[in-house]
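Student: Pasting in a structure now, in structure tokens, and then I'll have a few things to ask.
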Amino acid sequence: MVDAPTDERLLADYLADGGNGFEILVRRYSKELYQFVLRFTHNSAAAEDVVQEAFLQVHLSAASFDPSRRFKPWLFTIAANKARDWLRSRSRRSEVPLDARVGDVEEGSQSFADLLAGDELPSHHQVEAEEQCRAVQQVIEQMPDSLREVLVLAYYHRLPYKDLAEVLDVPLGTVKSRLHAAVGHFARRYQAAIEAGGHTADPLEKETGKET
């Protein structure tokens, strides 16, 4: 079995011979990048536009890519910058649909609460799951941009600290302190929400490990 070419090799081959390397990269990352941008813009049309702009920027800047770096953090950095530009151009942010899902529908998508919790809930807990999902979405939507950004990248996209530092363009120590602040902020706001609604589950109780 032949191993799939790395992102960096695909980009290098595309620059060398103009083959289908770029098209493969688009197929490889378009869905994940769309979900990433959607969580910031809360607007599906804007997310589609930002993703297209991000890949266009990759195409235009491919020759300047540093081959010693990894492609994925570079791509996410471009998308994050363009998403920030879109947010700055808006006087206010659209609300997140309460039934928003993430992932490939054909393969079984998950809600925000499902992803943060990391465990599937039994069917007889459906009502509680829906209420938890609403609480999670509302808390994340209301977080400051810098805290929401690091939380989404760390918990939804599982980026290690070094990649977070690259995407956010901040020192490694700042990443760790910002993520700590984001988790604390989320926990306090979510606790208030579940107390108001009579829930007890904490979707960030089980944290994922990060590379140092």
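Just so we're on the same page: first chain in the structure tokens is A, next is B, and so on; residues restart at 1 for each chain, and ligands are numbered from 1 in the order they show up.
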Would you pick out the contacts of Tyr14 (chain A) at 12 Å or less, using only C-alpha atoms, so that residues sharing its chain but fewer than 3 positions from it are not included, and give the list as a list in words?
Tutor: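 So, after excluding close chain neighbours, the residues are Asp7, Glu8, Arg9, Leu10, Leu11, Asp17, Gly18, Gly19, Asn20, Gly21, Phe22, Glu23, Ile24, Leu25, Val58, His59, Ala62 and Ala63 of chain A.
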Student: Skip Ser68 (chain A) itself and residues of its chain fewer than 3 positions away, then list as an NGL selection string all residues within 12 Å of it, counting only C-alpha atoms.
Tutor: :A and (8-9 or 12 or 64-65 or 71 or 74)
Student: Please identify all polymer residues within 7 Å of region 174-183 of chain A, counting only C-alpha atoms, omitting same-chain residues fewer than 4 positions from it, and present them as a list in words.
Tutor: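 That gives Leu147, Arg148, Val150, Leu151, Tyr161, Leu164, Ala165, Val170 and Ala187 of chain A.
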Student: Output N, CA and C atoms of each residue in that selection to a file, as a PDB file, in the first residue's frame.
Tutor:
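Written output follows (result-v4.pdb):
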```pdb
ATOM      1  N   LEU A 147     -10.286  34.307  23.042  1.00  0.00           N
ATOM      2  CA  LEU A 147     -10.485  33.098  23.841  1.00  0.00           C
ATOM      3  C   LEU A 147     -11.255  32.047  23.051  1.00  0.00           C
ATOM      4  N   ARG A 148     -12.269  32.478  22.306  1.00  0.00           N
ATOM      5  CA  ARG A 148     -13.039  31.522  21.505  1.00  0.00           C
ATOM      6  C   ARG A 148     -12.144  30.877  20.452  1.00  0.00           C
ATOM      7  N   VAL A 150      -8.805  30.291  20.420  1.00  0.00           N
ATOM      8  CA  VAL A 150      -7.873  29.274  20.918  1.00  0.00           C
ATOM      9  C   VAL A 150      -8.626  28.044  21.407  1.00  0.00           C
ATOM     10  N   LEU A 151      -9.824  28.231  21.971  1.00  0.00           N
ATOM     11  CA  LEU A 151     -10.606  27.090  22.438  1.00  0.00           C
ATOM     12  C   LEU A 151     -11.051  26.215  21.266  1.00  0.00           C
ATOM     13  N   TYR A 161       0.167  22.662  20.898  1.00  0.00           N
ATOM     14  CA  TYR A 161       0.563  24.013  21.282  1.00  0.00           C
ATOM     15  C   TYR A 161       1.400  24.699  20.204  1.00  0.00           C
ATOM     16  N   LEU A 164      -0.791  25.877  17.478  1.00  0.00           N
ATOM     17  CA  LEU A 164      -1.615  26.988  17.956  1.00  0.00           C
ATOM     18  C   LEU A 164      -0.816  28.284  17.944  1.00  0.00           C
ATOM     19  N   ALA A 165       0.425  28.207  18.393  1.00  0.00           N
ATOM     20  CA  ALA A 165       1.272  29.401  18.424  1.00  0.00           C
ATOM     21  C   ALA A 165       1.474  29.958  17.022  1.00  0.00           C
ATOM     22  N   VAL A 170       1.415  33.997  18.209  1.00  0.00           N
ATOM     23  CA  VAL A 170       1.765  34.416  19.562  1.00  0.00           C
ATOM     24  C   VAL A 170       2.792  33.432  20.120  1.00  0.00           C
ATOM     25  N   ALA A 187     -15.783  27.531  31.549  1.00  0.00           N
ATOM     26  CA  ALA A 187     -16.299  26.766  32.684  1.00  0.00           C
ATOM     27  C   ALA A 187     -17.196  27.625  33.573  1.00  0.00           C
TER      28      ALA A 187
END
```
Student: Need to verify the contact set: region 48-57 of chain A, 8 Å, only C-alpha atoms, exclusion of same-chain residues closer than 2 positions in sequence. Can you return it as a VMD selection string?
Tutor: chain A and resid 26 30 33 to 34 37 44 to 46 59 to 61 75 78 to 79 82 to 83
Student: Generate the output file for the selected residues, C-alpha atoms, as a short mmCIF file (atom, residue, chain, number, x, y, z; two decimals), in the first residue's frame.
Tutor:
```cif
data_model
loop_
_atom_site.label_atom_id
_atom_site.label_comp_id
_atom_site.auth_asym_id
_atom_site.auth_seq_id
_atom_site.Cartn_x
_atom_site.Cartn_y
_atom_site.Cartn_z
CA VAL A 26 -8.54 21.51 -1.40
CA SER A 30 -12.11 22.16 2.56
CA LEU A 33 -11.59 24.55 7.13
CA TYR A 34 -15.24 25.39 6.49
CA VAL A 37 -14.42 29.35 9.85
CA SER A 44 -22.53 29.71 6.33
CA ALA A 45 -22.29 31.99 3.28
CA ALA A 46 -19.45 33.95 4.84
CA HIS A 59 -2.58 29.46 -4.62
CA LEU A 60 -1.20 32.98 -4.94
CA SER A 61 1.34 32.58 -2.14
CA LEU A 75 -3.49 27.18 5.84
CA ILE A 78 -4.53 32.31 6.39
CA ALA A 79 -8.14 31.30 7.06
CA LYS A 82 -9.48 36.26 6.70
CA ALA A 83 -12.15 35.27 9.22
#
```
